[in-house]
Every structure is written in structure tokens, then in C-alpha cells.
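A short worksheet on the structure shown next.
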Protein chains: 2
Amino acid sequence: MKRNTWQREAVREALESSEGFVSAQALHSRMRDTESPIGLATVYRALASLASAGEADSLQQDGESLYRACTTSHHHHLICRNCGLTIEIEADAVEAWARTVAAEHGFTQPSHVVDVFGLCGACSRAQA
Amino acid sequence: MKRNTWQREAVREALESSEGFVSAQALHSRMRDTESPIGLATVYRALASLASAGEADSLQQDGESLYRACTTSHHHHLICRNCGLTIEIEADAVEAWARTVAAEHGFTQPSHVVDVFGLCGACSRAQA
DNA sequence: CCGCTTTTGACAATGATTATCAATAGCGTT
DNA sequence: AACGCTATTGATAATCATTGTCAAAAGCGG
């Protein structure tokens, strides 16, 4: 049976109070600073559990997995390469396109990864 | 100055003769089996170089980077989760959508990651 | 409160990738 | 063709995120 622990809840709350995507390591160290001590392995397990339950998004950048609390059911992201600012975007057209493309080629159980990266307004100006 | 070495060329050829995406490790071991010996670090460097020069696609699955020779200028992929079969897909509509979304939010230098995963026809039948 | 089982957490282990650095090999020059 | 300079290679060590291990701690039903 699945049990409720304060650790799992703490990870969920920490994730929800985060801006943009965070790595498991970053979330862990932030939790160690503020809240009660929690093990690193536990953070990893809680994040994986949240992600597979559909309560968190995950994406892979460089060699690490980043997580974010899911607000709406399904959406994509516009992410600043420099500062990490993340904007959620809806794209029904893209959803439909992905399903169509998969079906056209005989693929079943389609899922997709759609993320747009760029430099946000502030970082664009800073770079100039 | 950039120099031409047989190693870099060998990696390019090995990548072009591969079906679907391959990891650096897999490409290295295949090269060790058939062609002349080459260092693992060199394969990593060559792949990174090809990817940043736009001559190879890369995507991250689980914790590793997978590479594939670029045939056309820009495209996306439909990938079988089970057997790795990869189909290249063109999606001008998605390209345009990504640029539009980025611009709407003040983002510059947009790039995007768009991949569709699923089970190919053969694997769908095998699973049933 | 008991007992059973899941979960935790400190630490070790893994596995992909990158850094190190001496030896090698392009390539322009002589 | 040999020379010199420097980019590149490659064996190995180092790094770093993530996962496995397993004894101790903590849910939860009875």
C-alpha cells in the first residue's frame, strides 16, 4: 500500500513554490537550508514518483533532469537559456499534429516532447 | 586552426552508416569492432563537434545523449520507444509556431526540441 | 499497542561524460 | 623533405548526477 509521509508532501510543496524548472540536487539543497532535513535519495524518489503520477513535468537539459510542478493538465514550455525563466504555453494545434503524425506512420501510444528555448527579453538586452 | 584527422572523418562516416540514434558509447564500441582503434574521448569530442556544427542531431534520453547524422537541414523525429526505429518528419507548421510563440513573449534566438515518441506498428503488435 | 511492510537516509556503487597531460600528427614554412 | 608549432589524440583519472543497498524508522490496519 502507498503511504503518506511528510517527506513526499514536503517535496511536492517545495516544487510548487519553485520558479521554473529545478534539478533534484537544487531542490534538495534548498530544502536542507530552510525546512527539516531530508535525504537526497528521498528527493530523487519523490520527484520520480510525482513525475510518473503526472503531477510534475520533467525535461532533460545537459546531463540532468529538471522538474516542475504541473499546474494544468498538459502544456509545453518556453524557457530562457540564460536565466531559466519559464513560461507555460498551450498548443492544442501541436497536440493534434503529434497525434496525427504518429497515427500516419502506424505508431500507437504517442507522447511527445515539445519545448522552445530562447533568450528572454531581459537577457536579450543584457547580452547586447 | 582546425585540422582534418582521419578520426573525425571516421566518426562522421560511422554516424552516417547508423540506423536511428546511437549513443557515443555504442558508436565507439561498433567502431572498435570493425574499423581501426579510436579513443572513446575522441568519439565524444567528434560527436559534440558535429552536433555544434549542425551536422548531427542530438537528443537526450534517460541519462545519455544520442546522436544521428543530419540529412536535411532541419527536421524532427518520430521514435519508437521500444525498438528505436526513427522516422524523420518535416513540420513547417511547428517551426512557424515555435518562432511565433517565442516572439510573442519577447524571446530572441529561438530554438526548439520537438520529438514524438510511441510504439511503431511492429512493436504495437508484438505487445498485444 | 502490535506487527507487518513501506519508506527513509547515509553511503557505496554505477555509468555517462569530461578533464588531464604527455605523445602524436596536421600543416604551413623553410 | 625536414622543422617547428600547435591542435588533436587517447589512456586514464576525475567528476557528477543518479541509483542500489540495507538496516533503522515510521505508516497504518488490526
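In the C-alpha cells, chains take letters A, B, ... by order of appearance, with residues numbered from 1 within each chain and ligands from 1 in the order shown.
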
Write out the coordinates of chain B as a compact mmCIF listing (two decimals) with N, CA and C atoms, in the first residue's frame after a least-squares overlay onto chain A built on all ordered Cα pairs.
```txt
# COMPACT_ATOMS: atom_id res chain seq x y z
N MET B 1 1.09 -1.40 -0.31
CA MET B 1 0.22 -0.23 -0.23
C MET B 1 1.05 1.05 -0.21
N LYS B 2 0.50 2.11 -0.81
CA LYS B 2 1.22 3.38 -0.85
C LYS B 2 0.97 4.18 0.42
N ARG B 3 2.04 4.62 1.04
CA ARG B 3 1.88 5.31 2.31
C ARG B 3 2.14 6.80 2.17
N ASN B 4 1.51 7.58 3.02
CA ASN B 4 1.72 9.02 2.99
C ASN B 4 2.79 9.40 4.00
N THR B 5 3.80 10.07 3.55
CA THR B 5 4.86 10.50 4.44
C THR B 5 5.03 12.00 4.33
N TRP B 6 5.52 12.61 5.39
CA TRP B 6 5.70 14.06 5.35
C TRP B 6 6.76 14.42 4.31
N GLN B 7 7.68 13.52 4.03
CA GLN B 7 8.74 13.82 3.07
C GLN B 7 8.17 14.02 1.67
N ARG B 8 7.31 13.10 1.26
CA ARG B 8 6.76 13.20 -0.09
C ARG B 8 5.98 14.51 -0.23
N GLU B 9 5.22 14.82 0.82
CA GLU B 9 4.44 16.05 0.79
C GLU B 9 5.35 17.28 0.77
N ALA B 10 6.45 17.21 1.52
CA ALA B 10 7.38 18.34 1.57
C ALA B 10 8.00 18.58 0.20
N VAL B 11 8.32 17.50 -0.50
CA VAL B 11 8.89 17.65 -1.84
C VAL B 11 7.86 18.28 -2.78
N ARG B 12 6.62 17.82 -2.67
CA ARG B 12 5.58 18.39 -3.52
C ARG B 12 5.45 19.89 -3.28
N GLU B 13 5.44 20.28 -2.00
CA GLU B 13 5.29 21.70 -1.68
C GLU B 13 6.50 22.52 -2.12
N ALA B 14 7.68 21.97 -1.92
CA ALA B 14 8.89 22.69 -2.32
C ALA B 14 8.89 22.88 -3.83
N LEU B 15 8.43 21.87 -4.54
CA LEU B 15 8.39 21.96 -5.99
C LEU B 15 7.38 23.02 -6.43
N GLU B 16 6.24 23.04 -5.76
CA GLU B 16 5.20 24.00 -6.14
C GLU B 16 5.61 25.43 -5.84
N SER B 17 6.45 25.60 -4.85
CA SER B 17 6.87 26.97 -4.50
C SER B 17 8.11 27.39 -5.28
N SER B 18 8.52 26.57 -6.23
CA SER B 18 9.70 26.92 -7.03
C SER B 18 9.29 27.66 -8.30
N GLU B 19 10.18 28.53 -8.72
CA GLU B 19 9.97 29.22 -9.99
C GLU B 19 10.72 28.46 -11.07
N GLY B 20 10.07 28.14 -12.13
CA GLY B 20 10.76 27.45 -13.22
C GLY B 20 11.18 26.04 -12.85
N PHE B 21 12.03 25.49 -13.69
CA PHE B 21 12.47 24.12 -13.47
C PHE B 21 13.63 24.07 -12.48
N VAL B 22 13.63 23.05 -11.67
CA VAL B 22 14.73 22.86 -10.72
C VAL B 22 15.25 21.43 -10.83
N SER B 23 16.52 21.29 -10.51
CA SER B 23 17.11 19.96 -10.48
C SER B 23 16.84 19.34 -9.13
N ALA B 24 16.97 18.04 -9.06
CA ALA B 24 16.76 17.34 -7.80
C ALA B 24 17.76 17.84 -6.76
N GLN B 25 18.97 18.02 -7.19
CA GLN B 25 20.02 18.48 -6.28
C GLN B 25 19.68 19.87 -5.71
N ALA B 26 19.27 20.77 -6.61
CA ALA B 26 18.96 22.12 -6.18
C ALA B 26 17.80 22.12 -5.19
N LEU B 27 16.77 21.33 -5.50
CA LEU B 27 15.62 21.27 -4.62
C LEU B 27 16.03 20.72 -3.26
N HIS B 28 16.87 19.71 -3.29
CA HIS B 28 17.33 19.11 -2.04
C HIS B 28 18.08 20.12 -1.19
N SER B 29 18.99 20.85 -1.79
CA SER B 29 19.79 21.77 -0.98
C SER B 29 18.92 22.92 -0.45
N ARG B 30 17.94 23.35 -1.25
CA ARG B 30 17.07 24.39 -0.75
C ARG B 30 16.26 23.88 0.45
N MET B 31 15.83 22.62 0.35
CA MET B 31 15.04 22.05 1.45
C MET B 31 15.90 21.91 2.70
N ARG B 32 17.16 21.54 2.51
CA ARG B 32 18.03 21.41 3.67
C ARG B 32 18.22 22.75 4.36
N ASP B 33 18.27 23.80 3.58
CA ASP B 33 18.48 25.12 4.15
C ASP B 33 17.29 25.56 5.00
N THR B 34 16.10 25.37 4.47
CA THR B 34 14.93 25.94 5.13
C THR B 34 14.19 24.94 6.01
N GLU B 35 13.74 23.88 5.40
CA GLU B 35 12.86 22.99 6.12
C GLU B 35 13.63 21.89 6.85
N SER B 36 12.91 20.94 7.29
CA SER B 36 13.53 19.86 8.05
C SER B 36 14.42 19.02 7.14
N PRO B 37 15.40 18.38 7.71
CA PRO B 37 16.35 17.61 6.91
C PRO B 37 15.67 16.46 6.16
N ILE B 38 16.13 16.25 4.96
CA ILE B 38 15.55 15.17 4.15
C ILE B 38 16.69 14.60 3.31
N GLY B 39 16.62 13.32 3.05
CA GLY B 39 17.69 12.66 2.31
C GLY B 39 17.64 12.95 0.83
N LEU B 40 18.80 12.99 0.22
CA LEU B 40 18.87 13.25 -1.22
C LEU B 40 18.15 12.15 -2.00
N ALA B 41 18.40 10.93 -1.63
CA ALA B 41 17.77 9.81 -2.34
C ALA B 41 16.25 9.91 -2.27
N THR B 42 15.76 10.39 -1.16
CA THR B 42 14.31 10.53 -1.00
C THR B 42 13.75 11.58 -1.95
N VAL B 43 14.50 12.66 -2.13
CA VAL B 43 14.06 13.70 -3.05
C VAL B 43 14.00 13.13 -4.48
N TYR B 44 15.02 12.39 -4.86
CA TYR B 44 15.01 11.76 -6.18
C TYR B 44 13.79 10.85 -6.33
N ARG B 45 13.55 10.04 -5.33
CA ARG B 45 12.42 9.11 -5.43
C ARG B 45 11.10 9.84 -5.50
N ALA B 46 10.96 10.88 -4.69
CA ALA B 46 9.70 11.62 -4.68
C ALA B 46 9.47 12.30 -6.02
N LEU B 47 10.52 12.87 -6.58
CA LEU B 47 10.37 13.55 -7.87
C LEU B 47 10.01 12.56 -8.97
N ALA B 48 10.67 11.42 -8.98
CA ALA B 48 10.36 10.41 -10.00
C ALA B 48 8.92 9.96 -9.85
N SER B 49 8.50 9.81 -8.61
CA SER B 49 7.13 9.37 -8.35
C SER B 49 6.12 10.42 -8.80
N LEU B 50 6.38 11.67 -8.50
CA LEU B 50 5.49 12.75 -8.92
C LEU B 50 5.42 12.82 -10.44
N ALA B 51 6.57 12.66 -11.08
CA ALA B 51 6.60 12.76 -12.54
C ALA B 51 5.81 11.63 -13.17
N SER B 52 5.96 10.43 -12.64
CA SER B 52 5.24 9.31 -13.28
C SER B 52 3.76 9.34 -12.94
N ALA B 53 3.40 10.06 -11.89
CA ALA B 53 1.99 10.20 -11.55
C ALA B 53 1.36 11.37 -12.30
N GLY B 54 2.18 12.06 -13.12
CA GLY B 54 1.64 13.16 -13.89
C GLY B 54 1.46 14.44 -13.08
N GLU B 55 2.05 14.48 -11.88
CA GLU B 55 1.93 15.68 -11.07
C GLU B 55 3.11 16.63 -11.27
N ALA B 56 4.08 16.19 -12.06
CA ALA B 56 5.23 17.06 -12.32
C ALA B 56 5.70 16.85 -13.76
N ASP B 57 6.22 17.94 -14.34
CA ASP B 57 6.86 17.84 -15.65
C ASP B 57 8.32 17.55 -15.42
N SER B 58 8.93 16.93 -16.39
CA SER B 58 10.38 16.80 -16.31
C SER B 58 10.96 17.00 -17.69
N LEU B 59 12.15 17.53 -17.74
CA LEU B 59 12.85 17.65 -19.00
C LEU B 59 14.33 17.49 -18.70
N GLN B 60 15.09 17.14 -19.72
CA GLN B 60 16.50 16.90 -19.52
C GLN B 60 17.32 17.95 -20.23
N GLN B 61 18.19 18.57 -19.45
CA GLN B 61 19.05 19.60 -20.02
C GLN B 61 20.47 19.25 -19.62
N ASP B 62 21.40 19.33 -20.58
CA ASP B 62 22.75 18.87 -20.33
C ASP B 62 22.64 17.43 -19.83
N GLY B 63 23.21 17.16 -18.71
CA GLY B 63 23.14 15.78 -18.26
C GLY B 63 22.22 15.57 -17.09
N GLU B 64 21.34 16.54 -16.82
CA GLU B 64 20.52 16.38 -15.62
C GLU B 64 19.04 16.57 -15.89
N SER B 65 18.24 15.98 -15.02
CA SER B 65 16.79 16.08 -15.14
C SER B 65 16.29 17.26 -14.32
N LEU B 66 15.41 18.03 -14.93
CA LEU B 66 14.82 19.17 -14.23
C LEU B 66 13.34 18.90 -14.06
N TYR B 67 12.79 19.38 -12.94
CA TYR B 67 11.40 19.11 -12.62
C TYR B 67 10.64 20.40 -12.34
N ARG B 68 9.34 20.29 -12.53
CA ARG B 68 8.49 21.44 -12.26
C ARG B 68 7.11 20.91 -11.92
N ALA B 69 6.44 21.56 -10.97
CA ALA B 69 5.10 21.14 -10.61
C ALA B 69 4.17 21.38 -11.80
N CYS B 70 3.27 20.45 -12.03
CA CYS B 70 2.29 20.59 -13.10
C CYS B 70 1.14 21.43 -12.59
N THR B 71 0.83 22.47 -13.34
CA THR B 71 -0.33 23.25 -12.94
C THR B 71 -1.55 22.80 -13.73
N THR B 72 -1.49 22.97 -15.01
CA THR B 72 -2.60 22.51 -15.83
C THR B 72 -2.32 21.09 -16.27
N SER B 73 -3.25 20.53 -16.97
CA SER B 73 -3.13 19.12 -17.33
C SER B 73 -1.93 18.86 -18.24
N HIS B 74 -1.85 19.59 -19.32
CA HIS B 74 -0.76 19.33 -20.26
C HIS B 74 -0.42 20.61 -20.99
N HIS B 75 0.87 20.86 -21.07
CA HIS B 75 1.29 22.09 -21.71
C HIS B 75 2.75 21.97 -22.07
N HIS B 76 3.28 23.03 -22.65
CA HIS B 76 4.69 23.01 -23.02
C HIS B 76 5.37 24.24 -22.44
N HIS B 77 6.63 24.41 -22.77
CA HIS B 77 7.38 25.47 -22.11
C HIS B 77 8.23 26.30 -23.06
N LEU B 78 8.32 27.55 -22.71
CA LEU B 78 9.21 28.49 -23.38
C LEU B 78 10.23 28.88 -22.32
N ILE B 79 11.47 28.50 -22.55
CA ILE B 79 12.48 28.59 -21.50
C ILE B 79 13.65 29.46 -21.92
N CYS B 80 14.05 30.36 -21.05
CA CYS B 80 15.21 31.20 -21.34
C CYS B 80 16.49 30.41 -21.08
N ARG B 81 17.31 30.35 -22.11
CA ARG B 81 18.57 29.59 -22.01
C ARG B 81 19.49 30.19 -20.97
N ASN B 82 19.35 31.48 -20.74
CA ASN B 82 20.31 32.16 -19.87
C ASN B 82 19.85 32.20 -18.41
N CYS B 83 18.64 32.69 -18.15
CA CYS B 83 18.22 32.87 -16.76
C CYS B 83 17.23 31.82 -16.29
N GLY B 84 16.75 31.00 -17.19
CA GLY B 84 15.88 29.90 -16.76
C GLY B 84 14.41 30.28 -16.64
N LEU B 85 14.09 31.54 -16.93
CA LEU B 85 12.69 31.97 -16.90
C LEU B 85 11.84 31.01 -17.73
N THR B 86 10.74 30.58 -17.16
CA THR B 86 9.90 29.61 -17.87
C THR B 86 8.48 30.12 -18.02
N ILE B 87 7.98 30.02 -19.23
CA ILE B 87 6.60 30.43 -19.50
C ILE B 87 5.85 29.22 -20.02
N GLU B 88 4.68 28.99 -19.46
CA GLU B 88 3.90 27.85 -19.93
C GLU B 88 3.11 28.25 -21.16
N ILE B 89 3.10 27.38 -22.14
CA ILE B 89 2.35 27.69 -23.34
C ILE B 89 1.41 26.54 -23.68
N GLU B 90 0.28 26.91 -24.20
CA GLU B 90 -0.70 25.92 -24.62
C GLU B 90 -0.56 25.79 -26.11
N ALA B 91 -0.75 24.62 -26.61
CA ALA B 91 -0.59 24.45 -28.05
C ALA B 91 -1.43 23.28 -28.54
N ASP B 92 -2.71 23.53 -28.58
CA ASP B 92 -3.61 22.47 -29.02
C ASP B 92 -3.26 21.99 -30.41
N ALA B 93 -2.82 22.93 -31.24
CA ALA B 93 -2.49 22.57 -32.62
C ALA B 93 -1.34 21.57 -32.64
N VAL B 94 -0.38 21.78 -31.76
CA VAL B 94 0.76 20.88 -31.71
C VAL B 94 0.36 19.50 -31.19
N GLU B 95 -0.53 19.51 -30.21
CA GLU B 95 -1.02 18.24 -29.67
C GLU B 95 -1.64 17.42 -30.79
N ALA B 96 -2.51 18.07 -31.53
CA ALA B 96 -3.22 17.38 -32.61
C ALA B 96 -2.24 16.90 -33.67
N TRP B 97 -1.27 17.76 -33.98
CA TRP B 97 -0.29 17.40 -34.99
C TRP B 97 0.49 16.16 -34.57
N ALA B 98 0.90 16.12 -33.30
CA ALA B 98 1.68 14.98 -32.82
C ALA B 98 0.88 13.69 -32.93
N ARG B 99 -0.40 13.75 -32.55
CA ARG B 99 -1.23 12.55 -32.63
C ARG B 99 -1.39 12.10 -34.08
N THR B 100 -1.58 13.07 -34.95
CA THR B 100 -1.77 12.75 -36.36
C THR B 100 -0.53 12.10 -36.96
N VAL B 101 0.62 12.71 -36.70
CA VAL B 101 1.87 12.19 -37.25
C VAL B 101 2.11 10.76 -36.77
N ALA B 102 1.87 10.52 -35.49
CA ALA B 102 2.08 9.19 -34.93
C ALA B 102 1.16 8.18 -35.62
N ALA B 103 -0.09 8.54 -35.73
CA ALA B 103 -1.06 7.63 -36.32
C ALA B 103 -0.73 7.33 -37.79
N GLU B 104 -0.30 8.35 -38.50
CA GLU B 104 0.02 8.17 -39.92
C GLU B 104 1.09 7.11 -40.14
N HIS B 105 1.97 6.96 -39.17
CA HIS B 105 3.05 6.00 -39.32
C HIS B 105 2.82 4.73 -38.52
N GLY B 106 1.59 4.53 -38.08
CA GLY B 106 1.26 3.30 -37.39
C GLY B 106 1.71 3.23 -35.94
N PHE B 107 2.07 4.38 -35.39
CA PHE B 107 2.53 4.39 -34.00
C PHE B 107 1.34 4.50 -33.05
N THR B 108 1.45 3.79 -31.93
CA THR B 108 0.40 3.88 -30.91
C THR B 108 0.99 4.48 -29.64
N GLN B 109 0.14 4.78 -28.71
CA GLN B 109 0.55 5.36 -27.42
C GLN B 109 1.50 6.53 -27.60
N PRO B 110 1.09 7.51 -28.38
CA PRO B 110 2.01 8.62 -28.63
C PRO B 110 2.18 9.54 -27.42
N SER B 111 3.39 10.01 -27.23
CA SER B 111 3.66 11.08 -26.28
C SER B 111 4.63 11.98 -27.01
N HIS B 112 4.86 13.15 -26.46
CA HIS B 112 5.77 14.02 -27.18
C HIS B 112 6.50 14.98 -26.26
N VAL B 113 7.60 15.46 -26.77
CA VAL B 113 8.43 16.43 -26.04
C VAL B 113 8.49 17.66 -26.92
N VAL B 114 7.95 18.74 -26.44
CA VAL B 114 7.95 19.98 -27.21
C VAL B 114 8.36 21.12 -26.29
N ASP B 115 9.54 21.63 -26.48
CA ASP B 115 9.99 22.76 -25.69
C ASP B 115 10.69 23.77 -26.59
N VAL B 116 10.44 25.03 -26.32
CA VAL B 116 11.07 26.09 -27.10
C VAL B 116 12.06 26.82 -26.19
N PHE B 117 13.29 26.96 -26.68
CA PHE B 117 14.31 27.67 -25.92
C PHE B 117 14.64 28.97 -26.64
N GLY B 118 15.13 29.93 -25.87
CA GLY B 118 15.52 31.19 -26.48
C GLY B 118 16.09 32.10 -25.41
N LEU B 119 16.27 33.35 -25.76
CA LEU B 119 16.71 34.33 -24.78
C LEU B 119 15.53 35.24 -24.49
N CYS B 120 15.19 35.40 -23.23
CA CYS B 120 14.06 36.25 -22.88
C CYS B 120 14.42 37.71 -23.14
N GLY B 121 13.45 38.58 -23.08
CA GLY B 121 13.67 39.98 -23.40
C GLY B 121 14.81 40.58 -22.60
N ALA B 122 14.80 40.36 -21.29
CA ALA B 122 15.83 40.94 -20.43
C ALA B 122 17.22 40.44 -20.81
N CYS B 123 17.33 39.14 -21.00
CA CYS B 123 18.64 38.58 -21.32
C CYS B 123 19.09 38.99 -22.72
N SER B 124 18.14 39.18 -23.62
CA SER B 124 18.49 39.63 -24.97
C SER B 124 19.14 41.00 -24.89
N ARG B 125 18.52 41.89 -24.09
CA ARG B 125 19.06 43.24 -23.95
C ARG B 125 20.41 43.21 -23.24
N ALA B 126 20.52 42.37 -22.21
CA ALA B 126 21.77 42.30 -21.44
C ALA B 126 22.93 41.85 -22.32
N GLN B 127 22.60 40.99 -23.29
CA GLN B 127 23.66 40.45 -24.13
C GLN B 127 24.18 41.49 -25.13
N ALA B 128 23.32 42.40 -25.50
CA ALA B 128 23.71 43.37 -26.53
C ALA B 128 24.65 44.45 -25.99
```

Would you write out, as JSON lines, a table of all residues in chain D that have an atom no more than 10 Å from an atom of range 5-22 of chain C, listing for each the closest atom pair and the distance in Å to one decimal, considering only C-alpha atoms (C1' of nucleotides) and ordering rows by chain and rising residue number?
```
{"residue": "D:DT12", "atom": "C1'", "partner": "C:DT20", "partner_atom": "C1'", "distance": 8.7}
{"residue": "D:DA13", "atom": "C1'", "partner": "C:DT20", "partner_atom": "C1'", "distance": 7.9}
{"residue": "D:DA14", "atom": "C1'", "partner": "C:DA19", "partner_atom": "C1'", "distance": 7.1}
{"residue": "D:DT15", "atom": "C1'", "partner": "C:DT18", "partner_atom": "C1'", "distance": 7.4}
{"residue": "D:DC16", "atom": "C1'", "partner": "C:DT17", "partner_atom": "C1'", "distance": 8.9}
{"residue": "D:DA17", "atom": "C1'", "partner": "C:DA16", "partner_atom": "C1'", "distance": 9.4}
{"residue": "D:DT18", "atom": "C1'", "partner": "C:DT14", "partner_atom": "C1'", "distance": 8.6}
{"residue": "D:DT19", "atom": "C1'", "partner": "C:DT14", "partner_atom": "C1'", "distance": 7.5}
{"residue": "D:DG20", "atom": "C1'", "partner": "C:DA13", "partner_atom": "C1'", "distance": 7.1}
{"residue": "D:DT21", "atom": "C1'", "partner": "C:DA12", "partner_atom": "C1'", "distance": 7.9}
{"residue": "D:DA24", "atom": "C1'", "partner": "C:DT8", "partner_atom": "C1'", "distance": 8.7}
{"residue": "D:DA25", "atom": "C1'", "partner": "C:DT8", "partner_atom": "C1'", "distance": 7.3}
{"residue": "D:DA26", "atom": "C1'", "partner": "C:DT7", "partner_atom": "C1'", "distance": 7.7}
{"residue": "D:DG27", "atom": "C1'", "partner": "C:DT6", "partner_atom": "C1'", "distance": 7.7}
{"residue": "D:DC28", "atom": "C1'", "partner": "C:DT5", "partner_atom": "C1'", "distance": 9.7}
```

Would you write out those residues with N, CA and C atoms (P, O5', C5', C4', C3', O3' and C1' of nucleotides), as an mmCIF file, in the first residue's frame?
```
data_model
loop_
_atom_site.group_PDB
_atom_site.id
_atom_site.type_symbol
_atom_site.label_atom_id
_atom_site.label_comp_id
_atom_site.auth_asym_id
_atom_site.auth_seq_id
_atom_site.Cartn_x
_atom_site.Cartn_y
_atom_site.Cartn_z
ATOM 1 P P DT D 12 45.174 2.564 -19.791
ATOM 2 O "O5'" DT D 12 44.874 3.679 -18.703
ATOM 3 C "C5'" DT D 12 45.879 4.637 -18.373
ATOM 4 C "C4'" DT D 12 45.280 5.722 -17.511
ATOM 5 C "C3'" DT D 12 44.333 5.217 -16.411
ATOM 6 O "O3'" DT D 12 44.871 5.577 -15.145
ATOM 7 C "C1'" DT D 12 43.449 7.120 -17.533
ATOM 8 P P DA D 13 44.087 5.200 -13.831
ATOM 9 O "O5'" DA D 13 43.691 6.649 -13.299
ATOM 10 C "C5'" DA D 13 44.625 7.717 -13.473
ATOM 11 C "C4'" DA D 13 43.970 9.034 -13.120
ATOM 12 C "C3'" DA D 13 43.144 9.010 -11.833
ATOM 13 O "O3'" DA D 13 43.339 10.229 -11.132
ATOM 14 C "C1'" DA D 13 41.745 9.571 -13.662
ATOM 15 P P DA D 14 42.509 10.516 -9.793
ATOM 16 O "O5'" DA D 14 41.326 11.448 -10.286
ATOM 17 C "C5'" DA D 14 41.639 12.636 -11.006
ATOM 18 C "C4'" DA D 14 40.363 13.367 -11.362
ATOM 19 C "C3'" DA D 14 39.377 13.547 -10.198
ATOM 20 O "O3'" DA D 14 38.960 14.891 -10.182
ATOM 21 C "C1'" DA D 14 38.291 12.537 -12.047
ATOM 22 P P DT D 15 37.988 15.421 -8.986
ATOM 23 O "O5'" DT D 15 36.583 15.520 -9.730
ATOM 24 C "C5'" DT D 15 36.521 16.060 -11.045
ATOM 25 C "C4'" DT D 15 35.112 16.010 -11.574
ATOM 26 C "C3'" DT D 15 34.012 16.215 -10.531
ATOM 27 O "O3'" DT D 15 33.139 17.202 -11.036
ATOM 28 C "C1'" DT D 15 33.561 14.297 -11.832
ATOM 29 P P DC D 16 32.262 18.136 -10.090
ATOM 30 O "O5'" DC D 16 30.792 17.757 -10.530
ATOM 31 C "C5'" DC D 16 30.559 17.351 -11.892
ATOM 32 C "C4'" DC D 16 29.313 16.510 -11.955
ATOM 33 C "C3'" DC D 16 28.420 16.610 -10.706
ATOM 34 O "O3'" DC D 16 27.085 16.787 -11.140
ATOM 35 C "C1'" DC D 16 28.832 14.360 -11.225
ATOM 36 P P DA D 17 25.940 17.305 -10.156
ATOM 37 O "O5'" DA D 17 24.738 16.389 -10.630
ATOM 38 C "C5'" DA D 17 24.384 16.415 -12.003
ATOM 39 C "C4'" DA D 17 23.772 15.099 -12.392
ATOM 40 C "C3'" DA D 17 22.497 14.757 -11.624
ATOM 41 O "O3'" DA D 17 21.520 14.307 -12.542
ATOM 42 C "C1'" DA D 17 24.076 13.001 -11.397
ATOM 43 P P DT D 18 20.022 14.087 -12.036
ATOM 44 O "O5'" DT D 18 20.042 12.554 -11.658
ATOM 45 C "C5'" DT D 18 20.339 11.615 -12.695
ATOM 46 C "C4'" DT D 18 20.572 10.239 -12.111
ATOM 47 C "C3'" DT D 18 19.430 9.701 -11.238
ATOM 48 O "O3'" DT D 18 18.845 8.609 -11.931
ATOM 49 C "C1'" DT D 18 21.570 9.199 -10.336
ATOM 50 P P DT D 19 17.621 7.815 -11.304
ATOM 51 O "O5'" DT D 19 18.376 6.560 -10.658
ATOM 52 C "C5'" DT D 19 19.238 5.790 -11.485
ATOM 53 C "C4'" DT D 19 19.815 4.633 -10.678
ATOM 54 C "C3'" DT D 19 18.787 3.821 -9.877
ATOM 55 O "O3'" DT D 19 19.110 2.456 -10.075
ATOM 56 C "C1'" DT D 19 20.508 4.566 -8.457
ATOM 57 P P DG D 20 18.247 1.319 -9.374
ATOM 58 O "O5'" DG D 20 19.266 0.731 -8.304
ATOM 59 C "C5'" DG D 20 20.453 0.098 -8.761
ATOM 60 C "C4'" DG D 20 21.250 -0.468 -7.592
ATOM 61 C "C3'" DG D 20 20.479 -1.410 -6.675
ATOM 62 O "O3'" DG D 20 21.342 -2.470 -6.296
ATOM 63 C "C1'" DG D 20 21.279 0.450 -5.419
ATOM 64 P P DT D 21 20.812 -3.608 -5.310
ATOM 65 O "O5'" DT D 21 21.274 -3.072 -3.888
ATOM 66 C "C5'" DT D 21 22.626 -2.641 -3.713
ATOM 67 C "C4'" DT D 21 22.976 -2.618 -2.231
ATOM 68 C "C3'" DT D 21 22.145 -3.550 -1.343
ATOM 69 O "O3'" DT D 21 22.969 -4.059 -0.309
ATOM 70 C "C1'" DT D 21 21.856 -1.326 -0.623
ATOM 71 P P DA D 24 20.073 -1.749 12.580
ATOM 72 O "O5'" DA D 24 19.209 -0.414 12.572
ATOM 73 C "C5'" DA D 24 19.847 0.832 12.257
ATOM 74 C "C4'" DA D 24 18.783 1.900 12.083
ATOM 75 C "C3'" DA D 24 17.743 1.958 13.198
ATOM 76 O "O3'" DA D 24 17.474 3.310 13.510
ATOM 77 C "C1'" DA D 24 16.664 1.647 11.115
ATOM 78 P P DA D 25 16.406 3.693 14.648
ATOM 79 O "O5'" DA D 25 15.200 4.312 13.816
ATOM 80 C "C5'" DA D 25 15.486 5.327 12.849
ATOM 81 C "C4'" DA D 25 14.212 5.723 12.134
ATOM 82 C "C3'" DA D 25 13.015 5.976 13.052
ATOM 83 O "O3'" DA D 25 12.358 7.164 12.612
ATOM 84 C "C1'" DA D 25 12.461 4.334 11.429
ATOM 85 P P DA D 26 11.076 7.736 13.420
ATOM 86 O "O5'" DA D 26 9.897 7.392 12.411
ATOM 87 C "C5'" DA D 26 10.054 7.734 11.034
ATOM 88 C "C4'" DA D 26 8.853 7.246 10.262
ATOM 89 C "C3'" DA D 26 7.525 7.510 10.948
ATOM 90 O "O3'" DA D 26 6.581 7.762 9.931
ATOM 91 C "C1'" DA D 26 7.753 5.218 10.599
ATOM 92 P P DG D 27 5.352 8.673 10.153
ATOM 93 O "O5'" DG D 27 4.507 8.132 8.931
ATOM 94 C "C5'" DG D 27 3.318 7.453 9.214
ATOM 95 C "C4'" DG D 27 2.911 6.724 7.966
ATOM 96 C "C3'" DG D 27 1.441 6.387 8.015
ATOM 97 O "O3'" DG D 27 0.913 6.223 6.722
ATOM 98 C "C1'" DG D 27 2.761 4.425 8.385
ATOM 99 P P DC D 28 -0.583 6.598 6.490
ATOM 100 O "O5'" DC D 28 -1.331 5.244 6.842
ATOM 101 C "C5'" DC D 28 -0.968 4.059 6.164
ATOM 102 C "C4'" DC D 28 -1.509 2.846 6.859
ATOM 103 C "C3'" DC D 28 -2.866 3.052 7.555
ATOM 104 O "O3'" DC D 28 -3.683 1.941 7.255
ATOM 105 C "C1'" DC D 28 -1.352 2.055 9.030
#
```

(request) as a PyMOL selection string, list the residues of chain A assigned to strand (DSSP E or B) by DSSP on the backbone atoms of this structure. (result) chain A and resi 22-23+56-61+64-69+76-80+86-89+108-119

(message) Show me, as JSON, numbers by chain, every residue of chain D with an atom at most 10 Å from chain B, counting only C-alpha atoms (C1' of nucleotides).
(response) {"D": [6, 7, 8, 9, 10, 11, 17, 18]}
